[in-house]
Structures are given as structure tokens and as C-alpha cells.
$ cat coords-v5.pdb   # PDB, C-alpha atoms
ATOM      1  CA  MET S  44     -12.272  32.799  -6.989
ATOM      2  CA  ALA S  45     -10.024  29.812  -6.313
ATOM      3  CA  ASN S  46      -6.961  32.069  -6.250
ATOM      4  CA  ARG S  47      -8.601  34.343  -3.686
ATOM      5  CA  MET S  48      -9.527  31.365  -1.515
ATOM      6  CA  SER S  49      -5.887  30.238  -1.480
ATOM      7  CA  ILE S  50      -5.227  32.824   1.225
ATOM      8  CA  PHE S  51      -6.695  30.412   3.780
ATOM      9  CA  PRO S  52      -4.378  27.413   3.247
ATOM     10  CA  ASN S  53      -1.410  29.723   2.568
ATOM     11  CA  SER S  54      -2.040  31.494   5.874
ATOM     12  CA  LEU S  55      -1.802  28.146   7.651
ATOM     13  CA  THR S  56       1.452  27.421   5.822
ATOM     14  CA  ILE S  57       2.776  30.796   6.927
ATOM     15  CA  GLY S  58       1.712  29.892  10.461
ATOM     16  CA  ASN S  59       3.651  26.655  10.161
ATOM     17  CA  MET S  60       6.800  28.526   9.087
ATOM     18  CA  PHE S  61       6.308  31.196  11.758
ATOM     19  CA  PHE S  62       6.102  28.653  14.577
ATOM     20  CA  GLY S  63       9.213  26.957  13.215
ATOM     21  CA  PHE S  64      11.016  30.309  13.269
ATOM     22  CA  TRP S  65       9.751  30.993  16.805
ATOM     23  CA  SER S  66      10.978  27.562  17.891
ATOM     24  CA  ILE S  67      14.483  28.407  16.636
ATOM     25  CA  ILE S  68      14.497  31.716  18.527
ATOM     26  CA  SER S  69      13.272  29.963  21.697
ATOM     27  CA  ALA S  70      16.008  27.333  21.425
ATOM     28  CA  PHE S  71      18.730  29.996  21.204
ATOM     29  CA  GLU S  72      17.197  31.765  24.209
ATOM     30  CA  GLY S  73      17.293  28.553  26.241
ATOM     31  CA  ASN S  74      13.511  28.059  26.299
ATOM     32  CA  TYR S  75      13.748  24.427  25.174
ATOM     33  CA  VAL S  76      10.276  23.336  26.238
ATOM     34  CA  TRP S  77       8.645  26.207  24.371
ATOM     35  CA  ALA S  78      10.853  25.483  21.371
ATOM     36  CA  ALA S  79       9.360  21.974  21.328
ATOM     37  CA  TYR S  80       5.813  23.281  21.766
ATOM     38  CA  PHE S  81       6.208  25.654  18.822
ATOM     39  CA  VAL S  82       7.204  22.735  16.582
ATOM     40  CA  MET S  83       3.977  21.038  17.659
ATOM     41  CA  LEU S  84       1.950  24.145  16.817
ATOM     42  CA  GLY S  85       3.630  24.229  13.423
ATOM     43  CA  GLY S  86       2.576  20.606  13.012
ATOM     44  CA  VAL S  87      -1.059  21.546  13.669
ATOM     45  CA  CYS S  88      -0.895  24.199  10.928
ATOM     46  CA  ASP S  89       0.773  21.713   8.571
ATOM     47  CA  ALA S  90      -1.928  19.105   9.223
ATOM     48  CA  LEU S  91      -4.638  21.590   8.290
ATOM     49  CA  ASP S  92      -3.270  23.551   5.323
ATOM     50  CA  GLY S  93      -3.605  20.774   2.753
ATOM     51  CA  LYS S  94      -7.095  19.836   3.925
ATOM     52  CA  VAL S  95      -8.220  23.465   3.824
ATOM     53  CA  ALA S  96      -6.750  23.828   0.314
ATOM     54  CA  ARG S  97      -8.786  20.840  -0.880
ATOM     55  CA  LEU S  98     -11.876  22.112   0.929
ATOM     56  CA  VAL S  99     -11.774  25.515  -0.799
ATOM     57  CA  LYS S 100     -10.509  23.930  -4.046
ATOM     58  CA  SER S 101      -7.334  25.978  -4.212
ATOM     59  CA  THR S 102      -4.639  23.318  -4.480
ATOM     60  CA  SER S 103      -1.676  24.389  -6.620
ATOM     61  CA  ASP S 104       1.978  23.673  -7.358
ATOM     62  CA  PHE S 105       2.829  26.872  -5.516
ATOM     63  CA  GLY S 106       1.053  25.577  -2.405
ATOM     64  CA  VAL S 107       2.959  22.294  -2.549
ATOM     65  CA  GLU S 108       6.352  23.987  -2.846
ATOM     66  CA  PHE S 109       5.551  26.610  -0.212
ATOM     67  CA  ASP S 110       4.419  23.895   2.176
ATOM     68  CA  SER S 111       7.692  22.016   1.667
ATOM     69  CA  LEU S 112       9.746  25.125   2.430
ATOM     70  CA  ALA S 113       7.742  25.695   5.617
ATOM     71  CA  ASP S 114       8.191  22.031   6.587
ATOM     72  CA  LEU S 115      11.945  22.308   6.100
ATOM     73  CA  VAL S 116      12.041  25.179   8.601
ATOM     74  CA  THR S 117       9.692  23.683  11.212
ATOM     75  CA  PHE S 118      10.481  19.975  10.992
ATOM     76  CA  GLY S 119      14.084  20.151   9.807
ATOM     77  CA  MET S 120      15.811  23.331  10.947
ATOM     78  CA  ALA S 121      13.952  23.811  14.256
ATOM     79  CA  PRO S 122      14.662  20.312  15.689
ATOM     80  CA  SER S 123      18.299  20.551  14.532
ATOM     81  CA  ILE S 124      18.741  23.927  16.222
ATOM     82  CA  LEU S 125      17.026  22.639  19.368
ATOM     83  CA  MET S 126      19.340  19.630  19.519
ATOM     84  CA  TYR S 127      22.460  21.729  18.900
ATOM     85  CA  ASN S 128      21.575  24.146  21.700
ATOM     86  CA  LEU S 129      20.791  21.320  24.105
ATOM     87  CA  TYR S 130      24.131  19.667  23.366
ATOM     88  CA  THR S 131      26.255  22.809  23.505
ATOM     89  CA  LYS S 132      24.599  24.446  26.528
ATOM     90  CA  VAL S 133      23.652  21.433  28.659
ATOM     91  CA  TYR S 134      25.757  18.437  27.636
ATOM     92  CA  PRO S 135      28.966  17.943  29.705
ATOM     93  CA  GLY S 136      32.269  17.524  27.893
ATOM     94  CA  ILE S 137      31.098  19.305  24.750
ATOM     95  CA  ASP S 138      34.602  20.390  23.670
ATOM     96  CA  ASP S 139      35.691  16.813  22.993
ATOM     97  CA  LEU S 140      32.649  15.990  20.846
ATOM     98  CA  LYS S 141      31.777  19.282  19.169
ATOM     99  CA  HIS S 142      32.320  18.150  15.566
ATOM    100  CA  LEU S 143      30.307  14.979  16.135
ATOM    101  CA  ILE S 144      27.522  16.950  17.808
ATOM    102  CA  ILE S 145      27.344  19.385  14.897
ATOM    103  CA  PHE S 146      26.874  16.466  12.484
ATOM    104  CA  VAL S 147      24.283  14.679  14.660
ATOM    105  CA  SER S 148      22.342  17.929  15.106
ATOM    106  CA  PHE S 149      22.459  18.522  11.350
ATOM    107  CA  MET S 150      20.903  15.139  10.525
ATOM    108  CA  PRO S 151      17.208  16.067  10.992
ATOM    109  CA  LEU S 152      17.648  19.093   8.711
ATOM    110  CA  MET S 153      19.596  17.180   6.066
ATOM    111  CA  PHE S 154      17.287  14.177   5.860
ATOM    112  CA  THR S 155      14.140  16.309   6.029
ATOM    113  CA  GLY S 156      15.415  18.210   2.989
ATOM    114  CA  ILE S 157      16.168  14.964   1.118
ATOM    115  CA  ARG S 158      12.786  13.494   2.025
ATOM    116  CA  LEU S 159      10.814  16.583   0.967
ATOM    117  CA  ALA S 160      12.672  16.798  -2.351
ATOM    118  CA  ARG S 161      11.998  13.108  -3.008
ATOM    119  CA  PHE S 162       8.359  13.428  -1.979
ATOM    120  CA  ASN S 163       7.760  16.358  -4.339
ATOM    121  CA  THR S 164       9.358  14.597  -7.303
ATOM    122  CA  GLU S 165       7.252  11.492  -6.658
ATOM    123  CA  LEU S 166       4.038  13.385  -5.924
ATOM    124  CA  VAL S 167       2.394  12.582  -9.252
ATOM    125  CA  GLY S 168       0.991   9.084  -9.145
ATOM    126  CA  HIS S 169       1.987   8.678  -5.495
ATOM    127  CA  SER S 170      -0.412   6.571  -3.428
ATOM    128  CA  LYS S 171      -2.332   8.591  -0.864
ATOM    129  CA  LYS S 172      -2.993   5.497   1.245
ATOM    130  CA  PHE S 173       0.439   5.552   2.789
ATOM    131  CA  PHE S 174       3.707   7.506   2.984
ATOM    132  CA  SER S 175       6.918   6.036   1.631
ATOM    133  CA  GLY S 176       9.211   6.587   4.593
ATOM    134  CA  LEU S 177       8.528   8.287   7.910
ATOM    135  CA  PRO S 178       6.855  11.679   7.311
ATOM    136  CA  SER S 179       9.050  14.609   8.364
ATOM    137  CA  PRO S 180       6.446  15.990  10.828
ATOM    138  CA  ALA S 181       6.360  12.605  12.604
ATOM    139  CA  ALA S 182      10.171  12.497  12.743
ATOM    140  CA  ALA S 183      10.290  15.990  14.257
ATOM    141  CA  MET S 184       7.507  15.153  16.721
ATOM    142  CA  THR S 185       9.421  12.078  17.868
ATOM    143  CA  ILE S 186      12.519  14.170  18.616
ATOM    144  CA  ILE S 187      10.725  17.019  20.375
ATOM    145  CA  SER S 188       8.415  14.666  22.313
ATOM    146  CA  PHE S 189      11.518  12.947  23.710
ATOM    147  CA  VAL S 190      12.820  16.352  24.841
ATOM    148  CA  LEU S 191       9.466  17.138  26.490
ATOM    149  CA  PHE S 192       9.392  13.698  28.115
ATOM    150  CA  GLU S 193      12.847  14.251  29.608
ATOM    151  CA  PHE S 194      12.003  17.727  30.918
ATOM    152  CA  GLU S 195       8.740  16.547  32.482
ATOM    153  CA  THR S 196      10.375  13.497  34.045
ATOM    154  CA  TYR S 197      13.725  14.924  35.186
ATOM    155  CA  GLY S 198      13.347  18.687  34.843
ATOM    156  CA  ARG S 199      16.129  18.717  32.237
ATOM    157  CA  LEU S 200      17.554  16.594  29.440
ATOM    158  CA  VAL S 201      19.469  13.681  30.957
ATOM    159  CA  HIS S 202      19.756  10.923  28.356
ATOM    160  CA  PHE S 203      21.679  12.595  25.548
ATOM    161  CA  LYS S 204      22.661   9.217  24.073
ATOM    162  CA  TRP S 205      18.991   8.338  23.608
ATOM    163  CA  LEU S 206      18.373  11.708  21.968
ATOM    164  CA  THR S 207      21.226  10.953  19.563
ATOM    165  CA  ALA S 208      19.863   7.476  18.837
ATOM    166  CA  THR S 209      16.353   8.856  18.294
ATOM    167  CA  SER S 210      17.657  11.460  15.848
ATOM    168  CA  ILE S 211      19.675   8.909  13.852
ATOM    169  CA  ILE S 212      16.806   6.398  13.665
ATOM    170  CA  VAL S 213      14.082   8.818  12.573
ATOM    171  CA  SER S 214      16.458  10.524  10.127
ATOM    172  CA  TYR S 215      17.121   7.207   8.396
ATOM    173  CA  LEU S 216      13.447   6.229   8.424
ATOM    174  CA  MET S 217      12.529   9.472   6.636
ATOM    175  CA  ILE S 218      14.431   8.378   3.521
ATOM    176  CA  SER S 219      13.592   4.682   3.838
ATOM    177  CA  ARG S 220      10.897   2.981   1.768
ATOM    178  CA  MET S 221       8.948   1.724   4.757
ATOM    179  CA  LYS S 222       5.218   2.362   4.480
ATOM    180  CA  TYR S 223       3.508   4.601   7.030
ATOM    181  CA  GLN S 224      -0.227   5.183   7.137
ATOM    182  CA  GLY S 225      -1.376   8.698   6.299
ATOM    183  CA  PHE S 226      -4.332  10.743   7.482
ATOM    184  CA  PRO S 227      -6.159  10.508   4.118
ATOM    185  CA  VAL S 228      -6.807   6.848   5.025
ATOM    186  CA  MET S 229      -8.217   7.887   8.345
ATOM    187  CA  PHE S 230     -10.658  10.394   6.897
ATOM    188  CA  LYS S 231     -12.150   9.075   3.666
ATOM    189  CA  ARG S 232     -14.401  11.145   1.445
ATOM    190  CA  LYS S 233     -17.083   8.479   0.985
ATOM    191  CA  GLU S 234     -17.522   7.716   4.673
ATOM    192  CA  SER S 235     -20.887   8.162   6.378
ATOM    193  CA  PHE S 236     -21.495  11.313   8.397
ATOM    194  CA  LEU S 237     -21.653   9.306  11.643
ATOM    195  CA  LYS S 238     -18.418   7.399  11.016
ATOM    196  CA  ARG S 239     -16.498  10.528  10.024
ATOM    197  CA  ASN S 240     -17.648  12.424  13.129
ATOM    198  CA  LEU S 241     -16.887   9.501  15.415
ATOM    199  CA  LYS S 242     -13.307   9.597  14.131
ATOM    200  CA  ILE S 243     -13.128  13.346  14.715
ATOM    201  CA  VAL S 244     -14.395  12.863  18.280
ATOM    202  CA  GLY S 245     -11.797  10.119  18.735
ATOM    203  CA  VAL S 246      -8.988  12.448  17.653
ATOM    204  CA  ILE S 247     -10.261  15.175  20.015
ATOM    205  CA  LEU S 248     -10.389  12.693  22.904
ATOM    206  CA  LEU S 249      -6.858  11.542  22.077
ATOM    207  CA  ILE S 250      -5.607  15.136  22.189
ATOM    208  CA  ALA S 251      -7.441  15.635  25.505
ATOM    209  CA  VAL S 252      -5.744  12.558  26.984
ATOM    210  CA  VAL S 253      -2.322  13.823  25.856
ATOM    211  CA  VAL S 254      -3.013  17.224  27.434
ATOM    212  CA  LYS S 255      -4.301  15.558  30.627
ATOM    213  CA  PHE S 256      -1.139  13.516  31.027
ATOM    214  CA  LYS S 257       0.922  16.449  29.774
ATOM    215  CA  MET S 258       3.521  15.403  27.210
ATOM    216  CA  SER S 259       4.682  12.240  28.959
ATOM    217  CA  LEU S 260       2.263  10.222  26.817
ATOM    218  CA  LEU S 261       3.239  11.767  23.478
ATOM    219  CA  PHE S 262       6.682  10.191  23.206
ATOM    220  CA  PRO S 263       5.430   6.580  23.712
ATOM    221  CA  MET S 264       2.723   7.299  21.117
ATOM    222  CA  MET S 265       5.307   8.526  18.618
ATOM    223  CA  VAL S 266       7.520   5.494  19.314
ATOM    224  CA  PHE S 267       4.502   3.273  18.629
ATOM    225  CA  PHE S 268       3.883   5.054  15.319
ATOM    226  CA  VAL S 269       7.547   4.783  14.303
ATOM    227  CA  LEU S 270       7.591   1.070  15.167
ATOM    228  CA  SER S 271       4.328   0.474  13.271
ATOM    229  CA  GLY S 272       6.105   1.151   9.982
ATOM    230  CA  ILE S 273       9.042  -1.098  10.857
ATOM    231  CA  VAL S 274       6.808  -3.972  11.997
ATOM    232  CA  GLY S 275       4.484  -3.514   9.017
ATOM    233  CA  ASN S 276       7.458  -3.658   6.657
ATOM    234  CA  ILE S 277       8.707  -6.892   8.246
ATOM    235  CA  ILE S 278       5.250  -8.487   8.006
ATOM    236  CA  GLU S 279       4.909  -7.414   4.369
ATOM    237  CA  LYS S 280       8.288  -8.942   3.495
ATOM    238  CA  MET S 281       7.385 -12.186   5.256
ATOM    239  CA  LYS S 282       4.118 -12.400   3.293
ATOM    240  CA  SER S 283       5.884 -11.755  -0.009
ATOM    241  CA  GLU S 284       8.462 -14.453   0.796
ATOM    242  CA  ASP S 285       5.663 -16.911   1.638
ATOM    243  CA  LYS S 286       3.993 -16.185  -1.715
ATOM    244  CA  GLU S 287       7.258 -16.814  -3.579
ATOM    245  CA  ILE S 288       7.687 -20.136  -1.768
ATOM    246  CA  GLU S 289       4.108 -21.139  -2.679
ATOM    247  CA  LYS S 290       4.782 -20.347  -6.350
ATOM    248  CA  GLU S 291       7.847 -22.596  -6.323
TER     249      GLU S 291
END
$ encode --input "coords-v5.pdb" --output "C-alpha cells"
Amino acid sequence: MANRMSIFPNSLTIGNMFFGFWSIISAFEGNYVWAAYFVMLGGVCDALDGKVARLVKSTSDFGVEFDSLADLVTFGMAPSILMYNLYTKVYPGIDDLKHLIIFVSFMPLMFTGIRLARFNTELVGHSKKFFSGLPSPAAAMTIISFVLFEFETYGRLVHFKWLTATSIIVSYLMISRMKYQGFPVMFKRKESFLKRNLKIVGVILLIAVVVKFKMSLLFPMMVFFVLSGIVGNIIEKMKSEDKEIEKE
């Protein structure tokens, strides 16, 4: 029965990969905003597949590996292709910087692959309270939310240097050891019915606010999330140093 029920989470994983593929096609066709939206839709599927698998009790090694392959397409390949097309079709003076642009565009794909491989090898015994390094969906969302922010503000991508900086920073953070809070902390199994549903309502309201203000609010939110791991890491190091001083 469990094997039959696996069609539900696997369908969401397929949806994740499909939206990643659609994002790549849209980027090549010059539909950059839709390319970004499709990455977001892939992110919705990715956020649900694992939870559905646990709900129907159909978690498996196959599901984990399949999910990673889908993530590599949607959160690695799709943002890289989007960046490459933006640089080569919009950025002035591309001929002088083409080799550099190819490398910068490749970074999200490369570091997403490294992160997913590391995550899978460390899956057993890994704490579910936090992620070690910036999750690849969050890294991709930061890149595509910047693109959406630029298009909503200026009608096109203007600050290519900031896009480059954003890509480099989130790519590094994916393979760092900085701790980032995960959704399993947000939705605990032993929570009361009221508390769990209040959190769900809160998430729905948050999505409604983002939709209301279009995508201009999403990029600041992603920057806040990215910074939360950096600040948390600094605070944790300061506390550990204080404890060492006290011991001395």
C-alpha cells in the first residue's frame, strides 16, 4: 500500500522538475519574469513533496534521490540559465566579459550540486532542527526574487553587478556550515491543533501580503532570511568564545 501511495509525493517531485524545465525554456525565449515564477512554483512542489511522503508513509531512498535530481534542475540549472540569458541578451558589453559571465552563471548550478550531494551523504543522523548551509531552494529564490524586484521596479534588469554579487554570496552560503532554520521546526508534530492552525493561517497571510505587494516584498524577505543565518552564526561564535573565556 505504501508503494502505491508514493505516487502522490513523486507526482509533486515531477511537478518540481517540470516547472524547472519550463523555467529554462522561458528563459531561452526571453520570458524572464515567467522563468522566475516557474522556479517559485517548483519551490511550492518541493516544499510539499516531503511532507506528503511522510503523511502517506511512503518515504524512501528513491524519493530522496529523485527529489535531489529535481532540485538540481529547478534550483540549480534554471537560475543559472536565467542568469546566462539575462547577461548575454540584456547586459551591454557582453563580448568583453563572456568567459566571466559563463562562470558566474554556472555558480548556482555547481554549488547546488555540491550542496545536494553533501546533504544526501549526511542525511542519516542529520538534525532536522536546522539546515547546515543555505538550502538550495532559498538560494534560488533569492536570485529569482532579485530579478523580479528589478523588473517590477525598473521594467528590466538594471543592476547586473548586484545580481552577480547575490549569486556569489548565496552560492557560497549553500556549502557553508552556517545554520538555517528549517520548516520542520515551524510545524512540530506534538503541537496543539490551535497552534498548528494559527501557524498555517500565518503562512497564508504572509503569501497574501507578498501577492498584494507583488514580488517587490519577496526579495527583502529573502535577504532577511539569508542574513539570519549569518547573524545567528556570529552570535553562536560569540557565545562559544564567552564560554571558553569563563572556563579559563
$ atom_distance --input "coords-v5.pdb" --atom1 "atom CA of S:Phe262" --atom2 "atom CA of S:Glu279"
25.8 Å
$ resolve_selection --input "coords-v5.pdb" --expression "the PyMOL selection byres ((chain S and resi 178) around 10)" --output "list in words"
Phe118, Thr155, Arg158, Leu159, Phe162, Phe173, Phe174, Ser175, Gly176, Leu177, Ser179, Pro180, Ala181, Ala182, Ala183, Val213, Leu216, Met217, Ile218, Lys222, Tyr223, Gln224, Gly225 and Val269 of chain S
$ atom_distance --input "coords-v5.pdb" --atom1 "atom CA of S:Gly119" --atom2 "atom CA of S:Leu98"
27.5 Å
$ atom_distance --input "coords-v5.pdb" --atom1 "atom CA of S:Glu165" --atom2 "atom CA of S:Ile278"
24.9 Å
$ closest_residue --input "coords-v5.pdb" --among "S:Val76, S:Met264, S:Trp65, S:Phe51" --to "S:Arg97" --atoms "only C-alpha atoms"
S:Phe51
$ residues_around --input "coords-v5.pdb" --residues "S:Val133" --least-positions-apart "2" --cutoff "12 Å" --atoms "only C-alpha atoms" --output "PyMOL selection string"
chain S and resi 73+75+125-131+135-137+199-203
$ write_last_selection --input "coords-v5.pdb" --atoms "C-alpha atoms" --output "mmCIF file, keeping the file's coordinate frame"
data_model
loop_
_atom_site.group_PDB
_atom_site.id
_atom_site.type_symbol
_atom_site.label_atom_id
_atom_site.label_comp_id
_atom_site.auth_asym_id
_atom_site.auth_seq_id
_atom_site.Cartn_x
_atom_site.Cartn_y
_atom_site.Cartn_z
ATOM 1 C CA GLY S 73 17.293 28.553 26.241
ATOM 2 C CA TYR S 75 13.748 24.427 25.174
ATOM 3 C CA LEU S 125 17.026 22.639 19.368
ATOM 4 C CA MET S 126 19.340 19.630 19.519
ATOM 5 C CA TYR S 127 22.460 21.729 18.900
ATOM 6 C CA ASN S 128 21.575 24.146 21.700
ATOM 7 C CA LEU S 129 20.791 21.320 24.105
ATOM 8 C CA TYR S 130 24.131 19.667 23.366
ATOM 9 C CA THR S 131 26.255 22.809 23.505
ATOM 10 C CA PRO S 135 28.966 17.943 29.705
ATOM 11 C CA GLY S 136 32.269 17.524 27.893
ATOM 12 C CA ILE S 137 31.098 19.305 24.750
ATOM 13 C CA ARG S 199 16.129 18.717 32.237
ATOM 14 C CA LEU S 200 17.554 16.594 29.440
ATOM 15 C CA VAL S 201 19.469 13.681 30.957
ATOM 16 C CA HIS S 202 19.756 10.923 28.356
ATOM 17 C CA PHE S 203 21.679 12.595 25.548
#
$ resolve_selection --input "coords-v5.pdb" --expression "the PyMOL selection byres ((chain S and resi 81) around 10)" --output "MDAnalysis selection string"
chainID S and resid 59 61:67 69 75:80 82:87 117 121 187
$ decode --input "coords-v5.pdb" --residues "stretch 188-212 of chain S" --atoms "N, CA and C atoms" --output "tab-separated table (two decimals), in the first residue's frame"
chain	number	residue	atom	x	y	z
S	188	SER	N	14.08	36.26	-6.98
S	188	SER	CA	13.32	37.38	-6.39
S	188	SER	C	14.00	38.71	-6.69
S	189	PHE	N	15.35	38.69	-6.79
S	189	PHE	CA	16.05	39.91	-7.19
S	189	PHE	C	15.69	40.29	-8.63
S	190	VAL	N	15.61	39.28	-9.50
S	190	VAL	CA	15.23	39.53	-10.90
S	190	VAL	C	13.82	40.11	-10.96
S	191	LEU	N	12.89	39.53	-10.20
S	191	LEU	CA	11.52	40.03	-10.18
S	191	LEU	C	11.45	41.44	-9.62
S	192	PHE	N	12.24	41.70	-8.57
S	192	PHE	CA	12.29	43.03	-7.97
S	192	PHE	C	12.76	44.07	-8.99
S	193	GLU	N	13.78	43.74	-9.75
S	193	GLU	CA	14.31	44.65	-10.76
S	193	GLU	C	13.28	44.92	-11.87
S	194	PHE	N	12.61	43.86	-12.33
S	194	PHE	CA	11.63	44.03	-13.40
S	194	PHE	C	10.41	44.82	-12.94
S	195	GLU	N	10.00	44.63	-11.68
S	195	GLU	CA	8.86	45.39	-11.18
S	195	GLU	C	9.23	46.85	-10.91
S	196	THR	N	10.47	47.09	-10.53
S	196	THR	CA	10.89	48.44	-10.20
S	196	THR	C	11.28	49.24	-11.42
S	197	TYR	N	12.03	48.61	-12.34
S	197	TYR	CA	12.59	49.33	-13.50
S	197	TYR	C	12.04	48.85	-14.84
S	198	GLY	N	11.31	47.75	-14.85
S	198	GLY	CA	10.81	47.21	-16.10
S	198	GLY	C	11.82	46.35	-16.82
S	199	ARG	N	13.01	46.25	-16.29
S	199	ARG	CA	14.08	45.40	-16.85
S	199	ARG	C	15.16	45.24	-15.79
S	200	LEU	N	16.12	44.37	-16.05
S	200	LEU	CA	17.23	44.20	-15.12
S	200	LEU	C	18.25	45.31	-15.34
S	201	VAL	N	18.54	46.05	-14.29
S	201	VAL	CA	19.45	47.20	-14.38
S	201	VAL	C	20.76	46.93	-13.65
S	202	HIS	N	20.67	46.42	-12.44
S	202	HIS	CA	21.86	46.27	-11.59
S	202	HIS	C	22.46	44.88	-11.73
S	203	PHE	N	23.19	44.67	-12.82
S	203	PHE	CA	23.81	43.38	-13.07
S	203	PHE	C	24.89	43.05	-12.05
S	204	LYS	N	25.57	44.08	-11.54
S	204	LYS	CA	26.62	43.84	-10.53
S	204	LYS	C	26.02	43.27	-9.25
S	205	TRP	N	24.83	43.74	-8.89
S	205	TRP	CA	24.17	43.23	-7.69
S	205	TRP	C	23.67	41.80	-7.92
S	206	LEU	N	23.25	41.50	-9.14
S	206	LEU	CA	22.86	40.13	-9.46
S	206	LEU	C	24.07	39.20	-9.32
S	207	THR	N	25.22	39.66	-9.81
S	207	THR	CA	26.45	38.87	-9.69
S	207	THR	C	26.82	38.65	-8.23
S	208	ALA	N	26.75	39.73	-7.45
S	208	ALA	CA	27.09	39.63	-6.02
S	208	ALA	C	26.13	38.70	-5.29
S	209	THR	N	24.85	38.79	-5.62
S	209	THR	CA	23.84	37.93	-4.99
S	209	THR	C	24.13	36.47	-5.31
S	210	SER	N	24.46	36.18	-6.56
S	210	SER	CA	24.75	34.81	-6.97
S	210	SER	C	25.97	34.25	-6.24
S	211	ILE	N	27.02	35.05	-6.15
S	211	ILE	CA	28.26	34.60	-5.48
S	211	ILE	C	28.01	34.34	-4.00
S	212	ILE	N	27.29	35.25	-3.34
S	212	ILE	CA	27.05	35.13	-1.90
S	212	ILE	C	26.21	33.89	-1.58
